[in-house]
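Participant: For reference, the file upload_37.txt (compact mmCIF, C-alpha atoms and all ligand atoms) is included below:
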# COMPACT_ATOMS: atom_id res chain seq x y z
CA MET A 1 7.95 -102.57 -15.81
CA ARG A 2 4.70 -101.17 -17.07
CA ALA A 3 3.60 -98.83 -19.83
CA VAL A 4 1.57 -95.75 -18.93
CA GLN A 5 -1.51 -94.73 -20.87
CA VAL A 6 -1.17 -91.23 -22.31
CA THR A 7 -4.46 -90.88 -24.18
CA ASP A 8 -6.95 -93.23 -25.79
CA GLY A 9 -4.81 -95.75 -27.71
CA ILE A 10 -1.46 -94.13 -26.94
CA TRP A 11 0.95 -95.46 -24.33
CA TRP A 12 4.27 -94.27 -22.95
CA ALA A 13 6.67 -97.20 -23.18
CA GLY A 14 10.06 -95.54 -22.79
CA ALA A 15 12.89 -95.80 -20.30
CA ILE A 16 13.96 -93.86 -17.22
CA ASP A 17 17.67 -93.05 -16.95
CA TRP A 18 17.81 -92.21 -13.25
CA SER A 19 21.62 -92.13 -13.17
CA LEU A 20 22.47 -89.90 -16.13
CA ARG A 21 24.49 -86.91 -14.94
CA ASP A 22 26.05 -85.74 -18.21
CA PHE A 23 24.32 -85.45 -21.58
CA HIS A 24 27.14 -84.60 -24.00
CA GLY A 25 28.47 -81.98 -21.60
CA PHE A 26 25.06 -80.78 -20.34
CA GLU A 27 24.97 -81.63 -16.63
CA THR A 28 21.76 -83.48 -15.82
CA PRO A 29 21.46 -83.74 -12.03
CA LYS A 30 17.92 -85.06 -12.36
CA GLY A 31 18.71 -87.71 -14.99
CA THR A 32 16.41 -88.03 -17.98
CA THR A 33 13.94 -90.27 -19.74
CA TYR A 34 13.96 -91.60 -23.28
CA ASN A 35 10.30 -91.50 -24.18
CA ALA A 36 8.84 -93.86 -26.76
CA TYR A 37 5.14 -94.12 -27.54
CA LEU A 38 2.96 -96.99 -28.67
CA VAL A 39 0.06 -95.98 -30.89
CA VAL A 40 -2.43 -98.84 -30.96
CA GLY A 41 -4.96 -98.97 -33.80
CA GLU A 42 -7.47 -101.63 -34.89
CA SER A 43 -5.27 -102.91 -37.72
CA GLY A 44 -1.79 -101.75 -36.80
CA ILE A 45 0.49 -100.77 -33.93
CA ALA A 46 3.25 -98.18 -34.19
CA LEU A 47 6.16 -97.48 -31.90
CA VAL A 48 7.17 -93.83 -32.15
CA ASP A 49 10.88 -93.61 -31.34
CA THR A 50 13.09 -96.10 -29.59
CA VAL A 51 15.61 -95.55 -26.79
CA LYS A 52 19.32 -95.37 -26.02
CA LYS A 53 20.89 -98.75 -26.63
CA PRO A 54 21.33 -99.91 -22.99
CA PHE A 55 17.62 -99.31 -22.34
CA VAL A 56 16.12 -101.55 -25.04
CA ALA A 57 15.18 -104.29 -22.57
CA GLU A 58 13.30 -101.74 -20.46
CA LEU A 59 11.41 -100.48 -23.52
CA LEU A 60 10.48 -104.00 -24.63
CA SER A 61 9.39 -104.87 -21.13
CA ARG A 62 7.01 -101.90 -21.05
CA VAL A 63 5.74 -102.56 -24.60
CA SER A 64 4.97 -106.15 -23.59
CA THR A 65 2.50 -104.95 -20.96
CA VAL A 66 0.33 -103.54 -23.78
CA VAL A 67 1.02 -105.67 -26.88
CA ASP A 68 3.25 -108.47 -28.07
CA PRO A 69 6.30 -106.63 -29.52
CA ALA A 70 6.29 -109.05 -32.45
CA LYS A 71 2.90 -107.60 -33.48
CA VAL A 72 4.17 -104.02 -33.87
CA THR A 73 3.67 -103.03 -37.52
CA HIS A 74 5.56 -99.72 -37.71
CA ILE A 75 8.48 -98.00 -36.04
CA VAL A 76 8.83 -94.24 -36.48
CA VAL A 77 12.31 -92.74 -36.12
CA ASN A 78 11.69 -89.08 -35.32
CA HIS A 79 15.39 -88.38 -34.69
CA VAL A 80 18.62 -90.29 -35.22
CA GLU A 81 20.61 -89.00 -32.23
CA PRO A 82 21.66 -92.11 -30.30
CA ASP A 83 19.52 -91.35 -27.26
CA HIS A 84 16.50 -92.17 -29.46
CA ASN A 85 17.90 -94.25 -32.28
CA GLY A 86 20.78 -96.09 -30.60
CA GLY A 87 18.68 -99.14 -29.78
CA LEU A 88 16.88 -99.31 -33.13
CA PRO A 89 18.49 -102.53 -34.49
CA GLU A 90 17.72 -104.44 -31.28
CA VAL A 91 14.15 -103.11 -31.22
CA MET A 92 13.72 -104.07 -34.89
CA ALA A 93 14.90 -107.58 -34.06
CA ALA A 94 12.11 -107.86 -31.50
CA MET A 95 9.57 -106.40 -33.96
CA PRO A 96 10.40 -108.27 -37.15
CA GLN A 97 7.30 -107.31 -39.12
CA ALA A 98 7.63 -103.59 -38.47
CA ARG A 99 8.10 -101.15 -41.34
CA VAL A 100 10.54 -98.49 -40.17
CA VAL A 101 10.09 -94.89 -41.33
CA ALA A 102 12.03 -91.66 -40.87
CA SER A 103 12.38 -88.27 -42.57
CA PRO A 104 14.53 -88.37 -45.76
CA SER A 105 17.47 -87.03 -43.77
CA GLY A 106 16.66 -89.53 -41.03
CA VAL A 107 16.87 -92.38 -43.55
CA ARG A 108 20.44 -91.36 -44.32
CA GLY A 109 21.20 -90.96 -40.62
CA VAL A 110 19.90 -94.41 -39.73
CA ALA A 111 22.09 -95.91 -42.47
CA ASP A 112 25.11 -93.96 -41.22
CA TYR A 113 24.58 -95.03 -37.62
CA HIS A 114 23.68 -98.64 -38.26
CA ASP A 115 25.96 -99.98 -41.00
CA GLY A 116 23.77 -99.22 -43.98
CA LEU A 117 20.46 -100.19 -42.36
CA VAL A 118 17.71 -99.28 -44.85
CA VAL A 119 14.46 -97.68 -43.66
CA GLU A 120 11.69 -95.86 -45.57
CA ALA A 121 11.28 -92.11 -45.98
CA VAL A 122 8.07 -90.28 -45.10
CA LYS A 123 7.27 -86.70 -46.03
CA PRO A 124 4.56 -84.15 -45.17
CA GLY A 125 1.22 -85.42 -46.45
CA ASP A 126 2.16 -89.08 -46.00
CA THR A 127 0.07 -90.95 -43.47
CA ILE A 128 0.18 -94.35 -41.85
CA ASP A 129 -3.25 -95.85 -41.25
CA LEU A 130 -3.33 -98.02 -38.14
CA GLY A 131 -7.13 -98.47 -38.18
CA GLY A 132 -8.90 -95.71 -36.27
CA LYS A 133 -5.53 -94.07 -35.60
CA THR A 134 -3.39 -92.41 -38.24
CA LEU A 135 0.08 -90.96 -38.08
CA HIS A 136 1.07 -87.75 -39.89
CA PHE A 137 4.58 -86.37 -40.26
CA LEU A 138 6.37 -83.03 -40.43
CA PRO A 139 10.14 -82.87 -40.94
CA GLN A 140 11.49 -80.23 -38.56
CA PRO A 141 15.14 -79.71 -39.54
CA MET A 142 17.41 -78.56 -36.70
CA VAL A 143 14.89 -79.21 -33.95
CA HIS A 144 17.33 -80.67 -32.98
CA TRP A 145 19.31 -82.16 -35.90
CA PRO A 146 18.72 -82.01 -39.68
CA ASP A 147 16.73 -85.25 -39.55
CA SER A 148 14.34 -84.24 -36.75
CA MET A 149 10.64 -84.89 -37.38
CA PHE A 150 7.34 -84.40 -35.53
CA THR A 151 4.69 -87.15 -35.62
CA TYR A 152 1.00 -86.44 -34.95
CA CYS A 153 -1.99 -88.64 -34.29
CA PRO A 154 -5.10 -86.52 -35.02
CA GLU A 155 -7.61 -88.99 -33.59
CA ALA A 156 -5.86 -88.78 -30.22
CA LYS A 157 -4.87 -85.12 -30.76
CA THR A 158 -1.39 -86.13 -29.65
CA LEU A 159 1.84 -84.58 -30.92
CA MET A 160 5.10 -86.49 -30.57
CA PRO A 161 7.73 -83.82 -31.29
CA ASN A 162 10.82 -85.65 -30.08
CA ASP A 163 13.36 -83.23 -28.53
CA ALA A 164 11.10 -80.16 -28.76
CA PHE A 165 9.31 -79.35 -25.49
CA GLY A 166 11.48 -81.90 -23.64
CA GLN A 167 13.23 -81.67 -20.28
CA HIS A 168 15.94 -83.75 -18.65
CA VAL A 169 13.96 -85.06 -15.69
CA SER A 170 13.73 -88.61 -14.44
CA SER A 171 10.71 -89.16 -12.24
CA GLU A 172 7.90 -91.56 -11.58
CA GLU A 173 5.49 -88.88 -12.80
CA ARG A 174 4.90 -88.97 -16.54
CA PHE A 175 2.87 -85.77 -16.86
CA ALA A 176 3.77 -82.15 -16.16
CA ASP A 177 0.59 -81.63 -14.12
CA GLU A 178 1.55 -84.53 -11.84
CA TYR A 179 5.13 -83.24 -11.43
CA GLY A 180 3.99 -79.65 -10.87
CA LEU A 181 3.73 -77.01 -13.57
CA ASP A 182 6.28 -74.56 -12.13
CA GLY A 183 8.92 -77.25 -11.73
CA ALA A 184 8.23 -78.62 -15.19
CA ILE A 185 8.55 -75.18 -16.81
CA HIS A 186 11.79 -74.62 -14.88
CA GLU A 187 13.23 -77.86 -16.26
CA LEU A 188 11.90 -76.96 -19.73
CA GLY A 189 13.91 -73.72 -19.58
CA ILE A 190 17.12 -75.51 -18.56
CA TYR A 191 16.69 -77.90 -21.48
CA TYR A 192 15.84 -75.12 -23.95
CA ALA A 193 18.83 -73.01 -22.88
CA ASN A 194 21.29 -75.88 -23.19
CA ILE A 195 19.96 -77.67 -26.28
CA LEU A 196 17.73 -75.40 -28.36
CA LEU A 197 18.93 -71.83 -27.68
CA PRO A 198 21.03 -71.64 -30.89
CA LEU A 199 18.07 -73.06 -32.84
CA GLY A 200 15.38 -70.61 -31.70
CA THR A 201 14.46 -69.55 -35.24
CA GLN A 202 13.92 -73.16 -36.31
CA VAL A 203 11.96 -73.90 -33.12
CA ALA A 204 9.64 -70.93 -33.75
CA LYS A 205 9.13 -72.13 -37.34
CA ALA A 206 8.37 -75.62 -36.07
CA VAL A 207 5.59 -74.27 -33.85
CA ASP A 208 4.20 -72.30 -36.82
CA LYS A 209 4.34 -75.38 -39.06
CA VAL A 210 2.26 -77.35 -36.56
CA ALA A 211 -0.44 -74.64 -36.67
CA GLU A 212 -0.25 -74.38 -40.49
CA ALA A 213 -0.74 -78.13 -40.75
CA GLY A 214 -3.98 -77.71 -38.81
CA TRP A 215 -2.70 -79.87 -35.99
CA GLN A 216 -4.36 -78.94 -32.71
CA PRO A 217 -2.72 -81.13 -30.09
CA GLU A 218 -4.31 -81.57 -26.71
CA THR A 219 -1.37 -83.69 -25.61
CA ILE A 220 2.27 -82.90 -26.42
CA ALA A 221 4.46 -85.90 -25.71
CA PRO A 222 8.18 -85.11 -26.09
CA SER A 223 11.01 -87.61 -26.11
CA HIS A 224 12.49 -86.48 -22.78
CA GLY A 225 10.84 -85.88 -19.45
CA LEU A 226 7.26 -84.93 -18.77
CA ILE A 227 4.25 -84.99 -21.07
CA TRP A 228 2.17 -81.83 -21.47
CA ARG A 229 -1.61 -82.08 -21.44
CA GLY A 230 -4.66 -80.00 -20.57
CA GLU A 231 -3.94 -76.74 -18.84
CA THR A 232 -0.18 -77.22 -18.84
CA ILE A 233 0.07 -76.76 -22.62
CA ALA A 234 -0.69 -73.04 -22.86
CA PRO A 235 1.90 -71.88 -20.28
CA MET A 236 4.46 -74.24 -21.77
CA LEU A 237 3.92 -72.83 -25.27
CA ALA A 238 3.98 -69.29 -23.86
CA ALA A 239 7.39 -69.98 -22.32
CA TYR A 240 8.67 -71.31 -25.65
CA ALA A 241 7.29 -68.23 -27.44
CA ARG A 242 9.19 -65.97 -25.01
CA TRP A 243 12.44 -67.83 -25.48
CA THR A 244 12.26 -68.14 -29.26
CA SER A 245 11.49 -64.41 -29.50
CA GLY A 246 14.60 -63.60 -27.46
CA ALA A 247 12.56 -61.65 -24.88
CA LYS A 248 14.55 -60.73 -21.79
CA VAL A 249 13.94 -59.32 -18.33
CA ASP A 250 15.89 -56.92 -16.11
CA LYS A 251 18.32 -59.52 -14.90
CA ALA A 252 22.10 -59.95 -14.84
CA VAL A 253 24.18 -63.07 -14.30
CA VAL A 254 27.43 -62.63 -12.36
CA ALA A 255 29.68 -65.62 -12.98
CA PHE A 256 33.22 -65.94 -11.73
CA SER A 257 36.05 -68.20 -10.73
CA THR A 258 38.49 -67.20 -8.04
CA MET A 259 42.00 -68.14 -6.75
CA TRP A 260 42.37 -66.52 -3.33
CA GLY A 261 39.03 -64.80 -2.95
CA SER A 262 39.76 -61.38 -4.46
CA THR A 263 37.69 -61.91 -7.60
CA GLU A 264 34.94 -63.44 -5.48
CA ALA A 265 34.92 -60.37 -3.20
CA LEU A 266 34.58 -58.16 -6.26
CA ALA A 267 31.75 -60.35 -7.57
CA HIS A 268 29.78 -59.89 -4.38
CA ARG A 269 30.10 -56.10 -4.41
CA VAL A 270 29.34 -55.88 -8.12
CA ALA A 271 26.17 -57.92 -7.50
CA GLU A 272 25.25 -55.56 -4.66
CA GLY A 273 25.59 -52.62 -7.00
CA ILE A 274 23.50 -54.23 -9.71
CA GLY A 275 20.85 -55.29 -7.19
CA ALA A 276 20.65 -51.75 -5.79
CA THR A 277 19.27 -50.59 -9.15
CA GLY A 278 16.35 -53.02 -8.90
CA VAL A 279 17.78 -55.47 -11.39
CA ASP A 280 17.67 -59.19 -10.49
CA VAL A 281 21.06 -60.81 -10.01
CA GLU A 282 22.04 -64.46 -10.23
CA MET A 283 25.50 -65.25 -8.79
CA HIS A 284 27.46 -68.30 -9.84
CA ASP A 285 30.89 -69.57 -8.81
CA LEU A 286 31.93 -71.52 -11.90
CA ALA A 287 33.80 -73.99 -9.70
CA ILE A 288 30.52 -74.96 -8.06
CA THR A 289 27.46 -74.34 -10.24
CA PRO A 290 26.86 -76.69 -13.18
CA LEU A 291 27.39 -74.78 -16.43
CA ALA A 292 23.95 -75.90 -17.57
CA HIS A 293 22.37 -73.93 -14.76
CA VAL A 294 24.44 -70.81 -15.36
CA VAL A 295 23.35 -70.90 -19.00
CA SER A 296 19.76 -71.43 -17.93
CA ASP A 297 19.91 -68.27 -15.83
CA LEU A 298 21.34 -66.44 -18.84
CA LEU A 299 18.36 -67.42 -20.99
CA GLU A 300 16.26 -64.35 -20.10
CA ALA A 301 19.06 -62.14 -18.70
CA LYS A 302 20.21 -58.94 -20.36
CA ALA A 303 23.80 -59.05 -19.10
CA LEU A 304 26.61 -61.42 -18.25
CA VAL A 305 29.20 -60.08 -15.82
CA LEU A 306 32.22 -62.37 -15.92
CA GLY A 307 35.11 -62.48 -13.49
CA SER A 308 38.48 -64.20 -13.49
CA PRO A 309 41.81 -63.49 -11.87
CA THR A 310 44.84 -63.66 -14.13
CA LEU A 311 46.80 -66.91 -13.97
CA HIS A 312 49.74 -67.51 -16.33
CA HIS A 313 48.81 -64.32 -18.23
CA GLY A 314 45.27 -65.50 -18.96
CA MET A 315 41.86 -66.45 -17.55
CA LEU A 316 41.24 -69.46 -15.34
CA TYR A 317 40.43 -72.63 -17.25
CA ARG A 318 36.94 -72.84 -15.76
CA VAL A 319 36.12 -69.43 -17.21
CA ALA A 320 37.59 -70.43 -20.58
CA GLY A 321 35.56 -73.65 -20.52
CA PHE A 322 32.41 -71.73 -19.63
CA LEU A 323 32.98 -69.36 -22.55
CA GLN A 324 33.49 -72.27 -24.94
CA TYR A 325 30.22 -73.79 -23.71
CA VAL A 326 28.38 -70.46 -24.09
CA ALA A 327 29.85 -69.87 -27.57
CA GLY A 328 28.18 -73.00 -28.91
CA LEU A 329 24.78 -71.77 -27.70
CA LYS A 330 25.14 -68.46 -29.62
CA PRO A 331 23.37 -66.13 -27.18
CA THR A 332 22.58 -62.83 -28.88
CA GLY A 333 21.47 -59.38 -27.78
CA ARG A 334 23.15 -59.27 -24.39
CA LEU A 335 25.59 -56.99 -22.60
CA ALA A 336 28.77 -58.27 -20.99
CA ALA A 337 31.41 -56.88 -18.65
CA THR A 338 34.58 -58.35 -17.18
CA PHE A 339 36.31 -58.02 -13.84
CA GLY A 340 39.03 -59.68 -11.81
CA SER A 341 42.24 -59.44 -9.83
CA TYR A 342 45.86 -59.77 -10.92
CA GLY A 343 49.30 -59.89 -9.35
CA TRP A 344 52.33 -58.97 -11.43
CA SER A 345 50.72 -59.50 -14.82
CA LYS A 346 47.29 -58.76 -16.29
CA GLY A 347 45.76 -60.76 -19.17
CA ALA A 348 42.53 -62.50 -18.08
CA GLU A 349 40.44 -59.44 -18.87
CA LYS A 350 41.82 -59.22 -22.41
CA GLN A 351 41.12 -62.88 -23.13
CA MET A 352 37.61 -62.71 -21.66
CA ARG A 353 36.77 -59.52 -23.58
CA GLU A 354 38.02 -60.91 -26.89
CA ARG A 355 36.07 -64.13 -26.49
CA LEU A 356 32.88 -62.40 -25.34
CA GLU A 357 33.00 -60.00 -28.29
CA GLU A 358 33.68 -62.88 -30.65
CA ILE A 359 30.57 -64.67 -29.28
CA GLY A 360 28.50 -61.53 -29.89
CA PHE A 361 28.14 -59.81 -26.52
CA GLU A 362 28.09 -56.00 -26.47
CA MET A 363 30.75 -54.65 -24.13
CA PRO A 364 30.32 -50.93 -23.39
CA PHE A 365 31.90 -51.07 -19.91
CA GLU A 366 35.48 -50.55 -18.77
CA ASP A 367 37.07 -53.69 -17.30
CA LEU A 368 37.16 -53.68 -13.48
CA LEU A 369 40.62 -54.74 -12.26
CA VAL A 370 42.34 -54.77 -8.87
CA LYS A 371 45.87 -55.73 -7.87
CA PHE A 372 46.18 -58.64 -5.39
CA ARG A 373 43.43 -57.74 -2.89
CA PRO A 374 40.62 -55.23 -3.25
CA THR A 375 40.87 -52.33 -0.83
CA SER A 376 37.75 -50.78 0.65
CA GLU A 377 38.02 -48.14 -2.09
CA ASP A 378 38.22 -50.89 -4.72
CA LEU A 379 35.12 -52.53 -3.31
CA ALA A 380 33.25 -49.22 -3.35
CA SER A 381 34.29 -48.84 -7.00
CA ALA A 382 33.07 -52.37 -7.72
CA GLU A 383 29.68 -51.51 -6.28
CA ALA A 384 29.53 -48.32 -8.36
CA TRP A 385 30.53 -50.33 -11.45
CA GLY A 386 27.71 -52.74 -10.67
CA ARG A 387 25.26 -49.83 -10.46
CA GLU A 388 26.43 -48.65 -13.88
CA ILE A 389 25.71 -52.12 -15.29
CA GLY A 390 22.33 -52.26 -13.56
CA GLU A 391 21.28 -48.90 -15.02
CA ALA A 392 22.36 -50.06 -18.48
CA VAL A 393 20.30 -53.23 -18.08
CA LYS A 394 17.23 -51.21 -17.10
CA ALA A 395 17.69 -48.82 -20.02
CA ARG A 396 17.72 -51.70 -22.48
CA ASP A 397 14.54 -53.01 -24.15
FE1 LIG A 401 17.24 -86.24 -27.43
FE2 LIG A 401 18.73 -84.61 -30.08
O1 LIG A 401 18.35 -86.04 -28.92
I'd like the structure from this file rewritten - as structure tokens, please.
Ligand code: FEO
Facilitator:
Amino acid sequence: MRAVQVTDGIWWAGAIDWSLRDFHGFETPKGTTYNAYLVVGESGIALVDTVKKPFVAELLSRVSTVVDPAKVTHIVVNHVEPDHNGGLPEVMAAMPQARVVASPSGVRGVADYHDGLVVEAVKPGDTIDLGGKTLHFLPQPMVHWPDSMFTYCPEAKTLMPNDAFGQHVSSEERFADEYGLDGAIHELGIYYANILLPLGTQVAKAVDKVAEAGWQPETIAPSHGLIWRGETIAPMLAAYARWTSGAKVDKAVVAFSTMWGSTEALAHRVAEGIGATGVDVEMHDLAITPLAHVVSDLLEAKALVLGSPTLHHGMLYRVAGFLQYVAGLKPTGRLAATFGSYGWSKGAEKQMRERLEEIGFEMPFEDLLVKFRPTSEDLASAEAWGREIGEAVKARD
């Protein structure tokens, strides 16, 4: 397995996890990569980040195509989550002379994860001189954990920001321009929605801190997925600026689960009503679409329209699970509405409404309910209800 040159003196030497389909509950149908970077100077060699424990041999194999691992002088731990730090002890064993550094919070995290393993703290202003290549550091708390840190090599104008700007994509392409910009931005949005959405304020600050530090990267090399360089950087940063600002478009997500098709029939007519107002609609059966993709569609949407029939006096478990997933991502500034069918007892609508309001959705609409099967009049009402939602979406900034 080979390393791939990123810029002058910097090499990708990570691992490709082609088979990953679940990243702590985030469905990853395209797998992921654990990116690690070798920075090769005249007097020192640094490895920025390691990989998930089962992938250490792959990392070492790639490193060996550039340098003898035993000659690595520094290891930088940008983040202690196990997908980057899990293999650290084994990598250290193969790089016995390496000084290992992390943010102050990262130092505590490494010790917690690895039985008291002691590494050194670095702070803003500290540098590591590798001879013609230096490393600079910025702690970036909560992008994605308290310990998260960005590392920058000014001579190569390369930023290694760990989880920020990442995507869960496994591919033979290492660069966004090789993969295709539109596809890369699409994957970036899925990752942002499912990992960073609740941390938008911290992510925006992180981007500001990079500018304030005078860092002007021409390559942005995250710890997952594709590397951004050249003309792919500006549109990627523009997408991040939109998402961190909370900007939305005239779009609604209709998500539902169904028992015997009544709630599904309502969903289709509601979507027709919304669409008739000129608002984009994304339709998801929660029994089929990965939650990660529903959430991704919600990223720039102004409304969530959620449907469940009543079962045992409450909502279907898939809808409850979806709401629990959404709650953790703390979406703000969106409308919501609920619909569904019932037989002899209502209840789903009450549970959905309570949970949606608790999460922070605004709910100005009446619930749309039908008994057993929607009649043609019920379906006409569903379409009218959808139009009402569509007009409200358009009227919203
Ligand atoms: Fe890729 Fe927060 O770990």
Participant: Could you tell me, counting all atoms listed in the file, which protein and nucleic acid residues lie no more than 7 Å from ligand LIG 401 (chain A), written as a PyMOL selection string?
Facilitator: chain A and resi 79+81+83-84+144-145+162-163+223-224
Participant: Please, could you write that set of residues out with C-alpha atoms as a PDB file, keeping the file's coordinate frame?
Facilitator:
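In the end it all went to result.pdb:
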ATOM      1  CA  HIS A  79      15.390 -88.380 -34.690  1.00  0.00           C
ATOM      2  CA  GLU A  81      20.610 -89.000 -32.230  1.00  0.00           C
ATOM      3  CA  ASP A  83      19.520 -91.350 -27.260  1.00  0.00           C
ATOM      4  CA  HIS A  84      16.500 -92.170 -29.460  1.00  0.00           C
ATOM      5  CA  HIS A 144      17.330 -80.670 -32.980  1.00  0.00           C
ATOM      6  CA  TRP A 145      19.310 -82.160 -35.900  1.00  0.00           C
ATOM      7  CA  ASN A 162      10.820 -85.650 -30.080  1.00  0.00           C
ATOM      8  CA  ASP A 163      13.360 -83.230 -28.530  1.00  0.00           C
ATOM      9  CA  SER A 223      11.010 -87.610 -26.110  1.00  0.00           C
ATOM     10  CA  HIS A 224      12.490 -86.480 -22.780  1.00  0.00           C
TER      11      HIS A 224
END
Participant: Can you write out as JSON lines which residues of range 304-349 of chain A fall within 9 Å of range 369-381 of chain A, alongside each residue's closest atom pair and its distance in Å to one decimal, counting only C-alpha atoms and ordering rows by chain and ascending residue number?
Facilitator:
{"residue": "A:Pro309", "atom": "CA", "partner": "A:Leu369", "partner_atom": "CA", "distance": 8.8}
{"residue": "A:Thr338", "atom": "CA", "partner": "A:Leu369", "partner_atom": "CA", "distance": 8.6}
{"residue": "A:Phe339", "atom": "CA", "partner": "A:Leu369", "partner_atom": "CA", "distance": 5.6}
{"residue": "A:Gly340", "atom": "CA", "partner": "A:Leu369", "partner_atom": "CA", "distance": 5.2}
{"residue": "A:Ser341", "atom": "CA", "partner": "A:Val370", "partner_atom": "CA", "distance": 4.8}
{"residue": "A:Tyr342", "atom": "CA", "partner": "A:Lys371", "partner_atom": "CA", "distance": 5.1}
{"residue": "A:Gly343", "atom": "CA", "partner": "A:Phe372", "partner_atom": "CA", "distance": 5.2}
{"residue": "A:Trp344", "atom": "CA", "partner": "A:Lys371", "partner_atom": "CA", "distance": 8.1}
{"residue": "A:Lys346", "atom": "CA", "partner": "A:Leu369", "partner_atom": "CA", "distance": 8.8}
{"residue": "A:Glu349", "atom": "CA", "partner": "A:Leu369", "partner_atom": "CA", "distance": 8.1}
Participant: Could you check which of A:Pro331, A:Ala337, A:Thr219, A:Asp177 is closest to Gly360 in chain A, using all atoms listed in the file?
Facilitator: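 Of A:Pro331, A:Ala337, A:Thr219, A:Asp177, the one nearest Gly360 in chain A is A:Pro331, counting all atoms listed in the file.
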Participant: Which protein, DNA or RNA residues are at most 7 Å from (8.6, -68.3, -33.8) in the file's coordinates when you count all atoms listed in the file, listed as a PyMOL selection string?
Facilitator: chain A and resi 201+203-205+207-208+241+244-245
Participant: Identify which of the residues A:Lys394, A:Arg353, A:Arg62, A:Lys302 lies closest to Met315 in chain A, counting all atoms listed in the file when measuring atom-to-atom distances.
Facilitator: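 The shortest atom-to-atom distance to Met315 in chain A comes from A:Arg353.
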Participant: Pick out the residues sitting within 12 Å of Asp285 in chain A, and hand them over as an NGL selection string; count all atoms listed in the file, and ignore anything fewer than 4 positions along from it in its own chain.
Facilitator: :A and (253-259 or 261 or 263-265 or 267-268 or 289-291 or 293-294 or 305-308 or 318-319 or 322)
Participant: Need the shell around Gly275 in chain A: protein/DNA/RNA residues with any atom at most 10 Å away, counting all atoms listed in the file. Skip same-chain ones fewer than 5 positions apart. Format as a count of residues only?
Facilitator: 12
Participant: For Leu226 in chain A, which residue out of A:Ile16, A:Ala247, A:Val110, A:Ala276 is the nearest one, using only C-alpha atoms?
Facilitator: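 Among the listed residues, the smallest separation from Leu226 in chain A belongs to A:Ile16.
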Participant: Return the single residue from A:Leu197, A:Leu299, A:Trp228, A:Leu88 that is closest to Ala111 in chain A, with distances computed using only C-alpha atoms.
Facilitator: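 When distances to Ala111 in chain A are compared using only C-alpha atoms, the smallest one comes from A:Leu88.
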Participant: Let me have the centre and edge lengths of the axis-aligned box enclosing all listed atoms of range 202-210 of chain A with 3 Å padding on every side, in Å to one decimal, as AutoDock Vina command-line options.
Facilitator:
--center_x 8.1 --center_y -74.1 --center_z -36.1 --size_x 17.7 --size_y 12.4 --size_z 11.9
Participant: To one decimal place, how far is CA of Gly106 in chain A from CA of Leu20 in chain A in Å?
Facilitator: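 Calculated distance between CA of Gly106 in chain A and CA of Leu20 in chain A is 25.6 Å.
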Participant: Residues near Ser64 in chain A, anyone? I mean within 12 Å using all atoms listed in the file, not counting same-chain ones fewer than 5 positions away, as a VMD selection string.
Facilitator: chain A and resid 1 to 4 11 to 14 38 57 to 59 69 to 72 94 to 95
Participant: For a quick check of understanding, using all atoms listed in the file, which of A:Tyr179, A:Tyr152, A:Tyr113, A:Phe137 has the smallest distance to Tyr37 in chain A?
Facilitator: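 Closest to Tyr37 in chain A of all the choices is A:Tyr152.
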